[in-house]
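File shown here: my_file08.cif, holding mmCIF, C-alpha atoms.
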```cif
data_structure
loop_
_atom_site.label_atom_id
_atom_site.label_comp_id
_atom_site.auth_asym_id
_atom_site.auth_seq_id
_atom_site.Cartn_x
_atom_site.Cartn_y
_atom_site.Cartn_z
CA MET H 9 10.07 1.95 13.76
CA ILE H 10 11.96 1.52 17.03
CA LEU H 11 8.65 2.37 18.72
CA ALA H 12 7.19 -0.76 17.17
CA LEU H 13 9.91 -2.86 18.78
CA LEU H 14 9.67 -1.04 22.09
CA GLN H 15 5.92 -1.62 22.10
CA GLY H 16 6.43 -5.37 22.07
CA HIS H 17 9.58 -5.38 24.19
CA GLY H 18 8.88 -2.55 26.58
CA ALA H 19 7.04 -4.39 29.31
CA PRO H 20 8.45 -4.53 32.83
CA ALA H 21 11.51 -6.68 33.29
CA ASN H 22 9.74 -9.28 35.41
CA ASP H 23 7.33 -10.00 32.54
CA HIS H 24 10.19 -10.86 30.19
CA ALA H 25 12.72 -12.25 32.61
CA ASN H 26 12.74 -15.69 31.04
CA GLU H 27 11.73 -14.64 27.54
CA LYS H 28 14.31 -13.97 24.85
CA PHE H 29 13.80 -11.35 22.19
CA ASP H 30 12.52 -13.00 19.00
CA ALA H 31 13.33 -10.58 16.18
CA GLY H 32 11.45 -12.55 13.52
CA LYS H 33 8.31 -12.81 15.62
CA LYS H 34 8.32 -9.10 16.50
CA ILE H 35 8.91 -8.02 12.92
CA ILE H 36 6.12 -10.18 11.51
CA GLU H 37 3.80 -9.07 14.31
CA HIS H 38 4.29 -5.42 13.39
CA ILE H 39 3.86 -5.71 9.62
CA SER H 40 1.21 -8.41 9.25
CA ASN H 41 -2.54 -8.11 9.32
CA THR H 42 -4.35 -9.03 12.53
CA PRO H 43 -5.83 -12.54 12.36
CA HIS H 44 -9.59 -12.91 12.04
CA ASP H 45 -9.87 -14.45 15.50
CA HIS H 46 -8.46 -11.19 16.89
CA ALA H 47 -10.35 -8.87 14.52
CA LEU H 48 -11.14 -5.32 15.60
CA ILE H 49 -14.82 -5.71 14.74
CA HIS H 50 -16.37 -9.15 14.47
CA ILE H 51 -19.03 -9.60 11.78
CA PRO H 52 -20.94 -12.86 11.28
CA LYS H 53 -19.92 -14.92 8.27
CA VAL H 54 -21.94 -14.47 5.08
CA PHE H 55 -21.99 -17.53 2.78
CA GLY H 56 -18.96 -18.84 4.68
CA ILE H 57 -16.94 -15.65 4.15
CA ASP H 58 -15.60 -13.81 7.20
CA PHE H 59 -16.19 -10.06 6.78
CA SER H 60 -14.70 -9.12 10.16
CA VAL H 61 -12.75 -5.86 10.23
CA THR H 62 -9.03 -6.52 10.66
CA LYS H 63 -6.23 -3.97 11.11
CA HIS H 64 -5.57 -3.51 7.39
CA VAL H 65 -9.28 -3.18 6.61
CA PHE H 66 -9.45 -0.51 9.30
CA MET H 67 -6.46 1.25 7.72
CA LEU H 68 -8.20 1.21 4.34
CA TRP H 69 -11.08 3.07 5.96
CA VAL H 70 -8.69 5.52 7.62
CA VAL H 71 -6.86 6.26 4.35
CA ALA H 72 -10.12 6.66 2.42
CA ALA H 73 -11.49 9.00 5.10
CA VAL H 74 -8.30 11.11 5.12
CA VAL H 75 -8.23 11.41 1.33
CA LEU H 76 -11.95 12.26 1.17
CA ALA H 77 -11.68 14.86 3.94
CA VAL H 78 -8.57 16.58 2.55
CA VAL H 79 -9.74 16.69 -1.08
CA THR H 80 -13.24 17.86 -0.12
CA LEU H 81 -11.86 20.61 2.12
CA VAL H 82 -9.41 21.83 -0.56
CA VAL H 83 -12.03 21.85 -3.32
CA ARG H 84 -14.62 23.65 -1.19
CA ARG H 85 -12.08 26.32 -0.19
CA HIS H 86 -11.17 26.84 -3.82
CA ARG H 87 -14.81 27.20 -4.90
CA LYS H 88 -15.51 29.75 -2.15
CA ARG H 89 -12.68 31.96 -3.42
CA ASN H 90 -14.29 32.31 -6.89
CA SER H 91 -10.84 32.52 -8.41
CA PRO H 92 -9.37 30.35 -11.19
CA VAL H 93 -5.98 30.34 -9.45
CA PRO H 94 -5.76 27.92 -6.48
CA LEU H 95 -3.64 28.60 -3.41
CA GLY H 96 -1.77 26.42 -0.94
CA MET H 97 -3.07 22.85 -0.88
CA GLY H 98 -5.31 23.64 -3.83
CA ASN H 99 -2.26 24.49 -5.90
CA MET H 100 -0.63 21.20 -4.92
CA LEU H 101 -3.78 19.22 -5.72
CA GLU H 102 -4.07 20.90 -9.12
CA TYR H 103 -0.43 20.08 -9.86
CA VAL H 104 -1.01 16.39 -9.04
CA VAL H 105 -4.15 16.22 -11.19
CA GLU H 106 -2.50 17.92 -14.17
CA ALA H 107 0.69 15.87 -13.82
CA ILE H 108 -1.20 12.57 -13.85
CA ARG H 109 -3.45 13.72 -16.69
CA ASP H 110 -0.72 15.18 -18.95
CA ASN H 111 2.18 12.81 -18.21
CA ILE H 112 0.41 9.48 -17.74
CA ALA H 113 -3.19 9.56 -18.96
CA LEU H 114 -2.89 11.57 -22.17
CA PRO H 115 0.07 9.67 -23.69
CA ASN H 116 -1.58 6.30 -23.01
CA PHE H 117 -5.28 6.99 -23.54
CA GLY H 118 -5.22 9.71 -26.17
CA LYS H 119 -7.40 12.82 -26.29
CA LYS H 120 -10.60 10.87 -26.95
CA TRP H 121 -10.40 8.75 -23.79
CA VAL H 122 -8.33 10.91 -21.43
CA ARG H 123 -11.33 12.34 -19.56
CA THR H 124 -12.87 8.88 -19.27
CA TRP H 125 -9.98 7.09 -17.59
CA THR H 126 -8.02 9.84 -15.83
CA PRO H 127 -10.30 9.76 -12.72
CA LEU H 128 -9.54 6.06 -12.21
CA ILE H 129 -5.76 6.26 -12.40
CA LEU H 130 -5.75 9.52 -10.45
CA THR H 131 -7.68 7.76 -7.68
CA PHE H 132 -5.13 4.93 -7.80
CA PHE H 133 -2.24 7.35 -7.35
CA VAL H 134 -3.76 9.44 -4.55
CA PHE H 135 -5.04 6.44 -2.59
CA ILE H 136 -1.85 4.35 -2.89
CA PHE H 137 0.43 7.30 -2.11
CA SER H 138 -1.67 8.25 0.93
CA ALA H 139 -1.70 4.65 2.20
CA ASN H 140 2.07 4.39 1.75
CA VAL H 141 2.76 7.66 3.58
CA ILE H 142 0.40 6.92 6.47
CA GLY H 143 2.06 3.52 6.80
CA LEU H 144 5.37 5.23 7.58
CA ILE H 145 3.88 7.14 10.52
CA PRO H 146 4.11 5.08 13.76
CA ILE H 147 0.67 6.15 14.96
CA PHE H 148 -0.33 2.90 16.63
CA ASP H 149 3.16 2.19 17.97
CA VAL H 150 3.04 5.47 19.88
CA LEU H 151 -0.48 4.55 20.97
CA GLY H 152 0.90 1.24 22.23
CA LEU H 153 3.46 2.97 24.42
CA VAL H 154 0.86 5.41 25.72
CA ASN H 155 -1.47 2.52 26.45
CA HIS H 156 1.29 0.63 28.28
CA TYR H 157 2.15 3.53 30.58
CA VAL H 158 -1.14 5.48 30.78
CA PHE H 159 -4.33 3.71 29.64
CA HIS H 160 -3.44 0.13 30.62
CA GLN H 161 -6.08 -1.30 28.27
CA GLY H 162 -6.12 -5.09 27.99
CA PRO H 163 -5.43 -7.09 24.82
CA ASP H 164 -9.15 -7.79 24.30
CA THR H 165 -10.11 -4.09 24.11
CA PHE H 166 -10.22 -2.12 20.87
CA ILE H 167 -7.00 -0.24 21.74
CA GLY H 168 -5.31 -3.48 22.71
CA LYS H 169 -6.19 -5.01 19.34
CA VAL H 170 -5.51 -2.01 17.12
CA ILE H 171 -1.91 -1.54 18.29
CA HIS H 172 -0.95 -4.92 16.83
CA GLY H 173 -0.32 -5.49 13.16
CA GLY H 174 0.98 -3.30 10.36
CA THR H 175 -0.34 0.14 9.46
CA THR H 176 0.62 -0.03 5.77
CA ALA H 177 -2.45 -1.42 4.03
CA THR H 178 -0.63 -1.53 0.68
CA ALA H 179 1.83 -4.03 2.18
CA ASN H 180 -1.03 -6.53 2.30
CA TYR H 181 -1.24 -8.69 -0.82
CA ASN H 182 -5.03 -8.85 -0.50
CA VAL H 183 -5.22 -5.06 -0.76
CA THR H 184 -2.89 -4.79 -3.75
CA ALA H 185 -4.68 -7.73 -5.38
CA GLY H 186 -7.97 -5.87 -4.98
CA LEU H 187 -6.50 -2.81 -6.69
CA ALA H 188 -5.03 -4.98 -9.43
CA VAL H 189 -8.40 -6.68 -10.02
CA ILE H 190 -9.90 -3.24 -10.66
CA THR H 191 -7.21 -2.68 -13.29
CA PHE H 192 -7.91 -6.13 -14.76
CA PHE H 193 -11.59 -5.39 -15.33
CA ALA H 194 -10.81 -1.82 -16.43
CA ILE H 195 -8.62 -3.25 -19.21
CA ILE H 196 -11.45 -5.48 -20.44
CA PHE H 197 -14.03 -2.71 -20.14
CA ALA H 198 -11.82 -0.16 -21.92
CA GLY H 199 -11.06 -2.52 -24.80
CA SER H 200 -14.71 -3.54 -25.09
CA LYS H 201 -15.89 0.06 -25.05
CA ALA H 202 -13.39 1.07 -27.73
CA HIS H 203 -13.72 -1.92 -30.06
CA GLY H 204 -16.63 -4.04 -28.84
CA ALA H 205 -16.45 -7.04 -26.52
CA VAL H 206 -15.83 -9.61 -29.27
CA HIS H 207 -13.20 -7.57 -31.07
CA HIS H 208 -11.43 -6.78 -27.81
CA PHE H 209 -10.69 -10.45 -27.20
CA LYS H 210 -9.85 -10.92 -30.87
CA ASN H 211 -7.31 -8.13 -30.52
CA LEU H 212 -5.39 -10.12 -27.93
CA VAL H 213 -3.44 -11.71 -30.79
CA PRO H 214 -2.25 -10.17 -34.09
CA HIS H 215 -4.30 -10.80 -37.20
CA GLY H 216 -3.18 -12.50 -40.41
CA LEU H 217 -0.84 -15.10 -38.92
CA PRO H 218 -0.70 -18.81 -39.88
CA TRP H 219 -3.27 -20.86 -37.98
CA TRP H 220 -0.70 -22.96 -36.15
CA VAL H 221 0.86 -19.82 -34.63
CA TYR H 222 -2.40 -19.07 -32.81
CA ILE H 223 -2.12 -22.40 -31.00
CA ILE H 224 0.94 -20.95 -29.29
CA LEU H 225 -0.07 -17.30 -29.08
CA ILE H 226 -3.58 -17.62 -27.64
CA PRO H 227 -2.55 -19.47 -24.43
CA ILE H 228 0.34 -17.03 -23.97
CA GLU H 229 -1.89 -13.96 -24.36
CA VAL H 230 -4.59 -15.41 -22.10
CA MET H 231 -1.92 -16.06 -19.50
CA GLY H 232 -0.68 -12.50 -20.02
CA MET H 233 -4.12 -11.17 -19.08
CA PHE H 234 -3.61 -12.59 -15.58
CA VAL H 235 0.11 -11.90 -15.36
CA LYS H 236 -0.48 -8.14 -15.57
CA PRO H 237 -2.59 -7.84 -12.38
CA PHE H 238 -0.33 -10.39 -10.68
CA ALA H 239 2.70 -8.22 -11.40
CA LEU H 240 0.91 -5.15 -10.07
CA THR H 241 -0.05 -7.05 -6.92
CA MET H 242 3.40 -8.39 -6.13
CA ARG H 243 5.41 -5.29 -7.00
CA LEU H 244 3.53 -2.89 -4.73
CA ALA H 245 3.07 -5.21 -1.75
CA ALA H 246 6.62 -6.60 -1.86
CA ASN H 247 8.25 -3.18 -2.00
CA MET H 248 6.19 -1.78 0.85
CA THR H 249 6.73 -4.89 2.99
CA GLY H 250 10.46 -5.11 2.27
CA GLY H 251 11.20 -1.58 3.45
CA HIS H 252 9.47 -2.05 6.78
CA ILE H 253 11.17 -5.41 7.36
CA ALA H 254 14.57 -3.86 6.65
CA ILE H 255 14.02 -1.01 9.13
CA LEU H 256 12.69 -3.29 11.86
CA ALA H 257 15.49 -5.83 11.31
CA VAL H 258 18.14 -3.13 11.69
CA MET H 259 16.53 -1.78 14.86
CA SER H 260 16.26 -5.31 16.26
CA LEU H 261 20.05 -5.37 16.52
CA VAL H 262 19.78 -3.12 19.57
CA PHE H 263 17.88 -5.76 21.55
CA LEU H 264 19.81 -8.69 20.12
CA PHE H 265 23.18 -7.27 21.12
CA THR H 266 21.81 -6.32 24.54
CA GLU H 267 20.86 -9.95 25.17
CA MET H 268 24.04 -11.37 23.62
CA PHE H 269 26.37 -9.34 25.85
CA HIS H 270 23.96 -9.10 28.83
CA THR H 271 24.40 -5.34 29.05
CA ALA H 272 22.39 -2.41 27.78
CA LEU H 273 25.61 -0.61 26.87
CA ALA H 274 26.19 -2.98 23.93
CA GLY H 275 22.72 -2.34 22.62
CA VAL H 276 23.10 1.43 22.97
CA ALA H 277 26.44 1.35 21.14
CA VAL H 278 25.03 -0.69 18.27
CA GLY H 279 22.00 1.57 18.12
CA VAL H 280 23.97 4.81 18.04
CA PHE H 281 26.69 3.76 15.60
CA LEU H 282 24.88 1.24 13.40
CA SER H 283 21.13 0.76 13.78
CA VAL H 284 19.95 4.36 13.91
CA PRO H 285 22.09 5.63 10.99
CA LEU H 286 21.08 2.64 8.85
CA ALA H 287 17.42 2.99 9.82
CA LEU H 288 17.49 6.70 8.94
CA GLY H 289 19.02 5.89 5.56
CA ILE H 290 16.43 3.19 4.83
CA THR H 291 13.62 5.49 5.99
CA ALA H 292 14.87 8.21 3.63
CA LEU H 293 14.84 5.62 0.84
CA GLU H 294 11.32 4.58 1.87
CA LEU H 295 10.15 8.18 1.45
CA ILE H 296 11.18 7.88 -2.19
CA VAL H 297 9.73 4.39 -2.54
CA VAL H 298 6.25 5.46 -1.35
CA LEU H 299 6.08 7.95 -4.22
CA VAL H 300 7.74 5.73 -6.82
CA GLN H 301 5.50 2.72 -6.12
CA ALA H 302 2.33 4.82 -6.32
CA TYR H 303 3.57 6.26 -9.61
CA VAL H 304 4.60 2.87 -11.03
CA PHE H 305 1.26 1.23 -10.20
CA THR H 306 -0.58 4.17 -11.77
CA LEU H 307 1.66 4.23 -14.84
CA LEU H 308 1.42 0.49 -15.51
CA SER H 309 -2.35 0.52 -15.06
CA ALA H 310 -2.57 3.36 -17.59
CA VAL H 311 -0.25 1.50 -19.99
CA PHE H 312 -2.29 -1.71 -19.78
CA ILE H 313 -5.59 0.13 -20.30
CA GLY H 314 -4.08 2.15 -23.15
CA MET H 315 -2.85 -1.04 -24.83
CA ALA H 316 -6.42 -2.34 -24.88
CA ILE H 317 -7.68 0.92 -26.41
CA HIS H 318 -4.92 1.47 -28.99
CA VAL H 319 -4.27 -2.05 -30.16
CA HIS H 320 -2.56 -0.92 -33.38
CA HIS H 321 0.22 0.64 -31.33
#
```

Step by step, read the file and then write its structure as structure tokens.
Amino acid sequence: MILALLQGHGAPANDHANEKFDAGKKIIEHISNTPHDHALIHIPKVFGIDFSVTKHVFMLWVVAAVVLAVVTLVVRRHRKRNSPVPLGMGNMLEYVVEAIRDNIALPNFGKKWVRTWTPLILTFFVFIFSANVIGLIPIFDVLGLVNHYVFHQGPDTFIGKVIHGGTTATANYNVTAGLAVITFFAIIFAGSKAHGAVHHFKNLVPHGLPWWVYIILIPIEVMGMFVKPFALTMRLAANMTGGHIAILAVMSLVFLFTEMFHTALAGVAVGVFLSVPLALGITALELIVVLVQAYVFTLLSAVFIGMAIHVHH
């Protein structure tokens, strides 16, 4: 993450002679999505909607391409071996599939529906975990330093645009909201497929209660339908954003102390004894968070879908 700060603060001294280091501005710049007026690929508006490709949209494509390439390669290698026992990456992929199926899907969906809904939640887990992990790799921050010292591409070029903004697509609330919307409609579809569309919505509230109780329960349950995807949206995006902000804030102390005491020695001392150890600790915690958040989103989606299928539970 220090590369992200160096990228924005590593220009020659004469360029920043009269400019103070703004920690808040640098942090937001390196975690936020690129604005539409600085999009990587401009696409004309359709019905007033701007479909231009921003940094996080580009990262969605990158993550999807990586997942597709890795899974396809592993499966093809396994099929060529003509052996029921996978090796290497195939063994790891099989473990992930069986773990999600047996520990999450089967307890929530039951044997009748496990093969129907396991592909969806498995896709959730693999995609979110991959996006979280790739977001921890400072690919574009390194590219920014290389561009500054080697390529010298301007801010209006593709390289100049792509080095700005965050690499963690799951830290964008629009991305997590999109995933949560899929869960929202999957809940309705699963309940309708299991009980019929009319009975699914009837099952939102218990049967056999006094009529006046439904006046209270129905608005609460309807609100609960939208609270579930909202909770999924906020939990994933907030956790992924918070970790990156914490790391960048700690590393910002190096530059802040350098400017406060007007000597690089103060910044080096703070970096060695405070910023780097804290950043390493937070990064280690982030390595756990990327797995936990992918698991939690997958688990809650399975629970919500399972609740629509097995209403009596």

Considering all atoms listed in the file, tabulate each residue of range 38-90 of chain H that lies at most 12 Å from range 101-106 of chain H along with its nearest interatomic pair and the corresponding distance in Å to one decimal; arrange the rows by chain and ascending residue number and present them as JSON lines.
```
{"residue": "H:Val75", "atom": "CA", "partner": "H:Leu101", "partner_atom": "CA", "distance": 11.4}
{"residue": "H:Val78", "atom": "CA", "partner": "H:Leu101", "partner_atom": "CA", "distance": 9.9}
{"residue": "H:Val79", "atom": "CA", "partner": "H:Leu101", "partner_atom": "CA", "distance": 8.0}
{"residue": "H:Thr80", "atom": "CA", "partner": "H:Leu101", "partner_atom": "CA", "distance": 11.1}
{"residue": "H:Leu81", "atom": "CA", "partner": "H:Leu101", "partner_atom": "CA", "distance": 11.3}
{"residue": "H:Val82", "atom": "CA", "partner": "H:Leu101", "partner_atom": "CA", "distance": 8.1}
{"residue": "H:Val83", "atom": "CA", "partner": "H:Leu101", "partner_atom": "CA", "distance": 9.0}
{"residue": "H:His86", "atom": "CA", "partner": "H:Glu102", "partner_atom": "CA", "distance": 10.7}
```

With 6 Å as the threshold, what does the neighbourhood of (-3.2, -4.4, 2.2) contain in terms of residues, counting only C-alpha atoms? Coordinates are those of the file; answer as a tab-separated table (two decimals) with C-alpha atoms, in the frame of the given file.
```tsv
chain	number	residue	atom	x	y	z
H	64	HIS	CA	-5.57	-3.51	7.39
H	177	ALA	CA	-2.45	-1.42	4.03
H	178	THR	CA	-0.63	-1.53	0.68
H	179	ALA	CA	1.83	-4.03	2.18
H	180	ASN	CA	-1.03	-6.53	2.30
H	181	TYR	CA	-1.24	-8.69	-0.82
H	182	ASN	CA	-5.03	-8.85	-0.50
H	183	VAL	CA	-5.22	-5.06	-0.76
H	184	THR	CA	-2.89	-4.79	-3.75
```

Restricting the calculation to only C-alpha atoms, which member of H:Tyr303, H:Phe234, H:Trp220, H:Phe66 is positioned closest to Ile196 in chain H? H:Phe234

Pull out every residue that the PyMOL selection byres ((chain H and resi 284) around 12) matches in the shown coordinates and put them as a ChimeraX atom specification. /H:9-10,255-262,275-283,285-291

Pick from H:Ala185, H:Thr176, H:His318, H:Phe197, whichever lies nearest to Val141 in chain H using all atoms listed in the file: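 Smallest distance to Val141 in chain H is found for H:Thr176.
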
Residue contacts of Asn41 in chain H (9 Å, all atoms listed in the file) excluding same-chain residues fewer than 3 positions away, as a list in words: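 So the residues in contact are Glu37, His38, His44, Thr62, Lys63, His64, Val65, His172, Gly173, Gly174, Thr175, Ala177 and Asn180 of chain H.
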
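For the pair CA of Val298 in chain H and CA of Asn140 in chain H, the separation is 5.3 Å.
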
With the input short on atoms, add N, CA and C atoms back to range 162-191 of chain H and write it as a tab-separated table (two decimals), in the coordinates of the input.
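out_37.tsv, freshly written:
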```tsv
chain	number	residue	atom	x	y	z
H	162	GLY	N	-6.48	-3.70	28.21
H	162	GLY	CA	-6.12	-5.09	27.99
H	162	GLY	C	-6.08	-5.47	26.52
H	163	PRO	N	-5.55	-6.65	26.22
H	163	PRO	CA	-5.43	-7.09	24.82
H	163	PRO	C	-6.76	-7.35	24.13
H	164	ASP	N	-7.84	-7.51	24.90
H	164	ASP	CA	-9.15	-7.79	24.30
H	164	ASP	C	-9.95	-6.52	24.02
H	165	THR	N	-9.43	-5.36	24.40
H	165	THR	CA	-10.11	-4.09	24.11
H	165	THR	C	-9.75	-3.63	22.70
H	166	PHE	N	-10.47	-2.62	22.22
H	166	PHE	CA	-10.22	-2.12	20.87
H	166	PHE	C	-8.80	-1.56	20.76
H	167	ILE	N	-8.36	-0.80	21.77
H	167	ILE	CA	-7.00	-0.24	21.74
H	167	ILE	C	-5.98	-1.37	21.79
H	168	GLY	N	-6.24	-2.37	22.61
H	168	GLY	CA	-5.31	-3.48	22.71
H	168	GLY	C	-5.17	-4.25	21.41
H	169	LYS	N	-6.23	-4.31	20.62
H	169	LYS	CA	-6.19	-5.01	19.34
H	169	LYS	C	-5.59	-4.16	18.23
H	170	VAL	N	-5.90	-2.86	18.24
H	170	VAL	CA	-5.51	-2.01	17.12
H	170	VAL	C	-4.01	-1.71	17.12
H	171	ILE	N	-3.35	-1.85	18.26
H	171	ILE	CA	-1.91	-1.54	18.29
H	171	ILE	C	-1.08	-2.66	17.69
H	172	HIS	N	-1.68	-3.80	17.42
H	172	HIS	CA	-0.95	-4.92	16.83
H	172	HIS	C	-1.20	-4.97	15.32
H	173	GLY	N	-0.19	-5.38	14.60
H	173	GLY	CA	-0.32	-5.49	13.16
H	173	GLY	C	0.21	-4.26	12.44
H	174	GLY	N	0.41	-4.38	11.15
H	174	GLY	CA	0.98	-3.30	10.36
H	174	GLY	C	-0.02	-2.21	10.03
H	175	THR	N	0.51	-1.01	9.80
H	175	THR	CA	-0.34	0.14	9.46
H	175	THR	C	-0.34	0.40	7.96
H	176	THR	N	0.54	-0.25	7.21
H	176	THR	CA	0.62	-0.03	5.77
H	176	THR	C	-0.31	-1.01	5.06
H	177	ALA	N	-1.47	-0.54	4.67
H	177	ALA	CA	-2.45	-1.42	4.03
H	177	ALA	C	-1.94	-1.93	2.69
H	178	THR	N	-1.14	-1.12	1.99
H	178	THR	CA	-0.63	-1.53	0.68
H	178	THR	C	0.50	-2.56	0.79
H	179	ALA	N	0.88	-2.94	2.00
H	179	ALA	CA	1.83	-4.03	2.18
H	179	ALA	C	1.11	-5.37	2.29
H	180	ASN	N	-0.21	-5.32	2.25
H	180	ASN	CA	-1.03	-6.53	2.30
H	180	ASN	C	-1.35	-6.96	0.88
H	181	TYR	N	-1.03	-8.20	0.55
H	181	TYR	CA	-1.24	-8.69	-0.82
H	181	TYR	C	-2.72	-8.74	-1.19
H	182	ASN	N	-3.59	-8.88	-0.21
H	182	ASN	CA	-5.03	-8.85	-0.50
H	182	ASN	C	-5.47	-7.47	-0.98
H	183	VAL	N	-4.87	-6.44	-0.38
H	183	VAL	CA	-5.22	-5.06	-0.76
H	183	VAL	C	-4.71	-4.76	-2.17
H	184	THR	N	-3.45	-5.07	-2.42
H	184	THR	CA	-2.89	-4.79	-3.75
H	184	THR	C	-3.56	-5.65	-4.82
H	185	ALA	N	-3.96	-6.88	-4.43
H	185	ALA	CA	-4.68	-7.73	-5.38
H	185	ALA	C	-6.03	-7.12	-5.72
H	186	GLY	N	-6.69	-6.54	-4.73
H	186	GLY	CA	-7.97	-5.87	-4.98
H	186	GLY	C	-7.82	-4.71	-5.94
H	187	LEU	N	-6.75	-3.91	-5.76
H	187	LEU	CA	-6.50	-2.81	-6.69
H	187	LEU	C	-6.17	-3.33	-8.08
H	188	ALA	N	-5.40	-4.41	-8.14
H	188	ALA	CA	-5.03	-4.98	-9.43
H	188	ALA	C	-6.24	-5.58	-10.16
H	189	VAL	N	-7.18	-6.14	-9.41
H	189	VAL	CA	-8.40	-6.68	-10.02
H	189	VAL	C	-9.21	-5.56	-10.68
H	190	ILE	N	-9.22	-4.39	-10.05
H	190	ILE	CA	-9.90	-3.24	-10.66
H	190	ILE	C	-9.26	-2.91	-12.00
H	191	THR	N	-7.92	-2.91	-12.03
H	191	THR	CA	-7.21	-2.68	-13.29
H	191	THR	C	-7.54	-3.75	-14.31
```
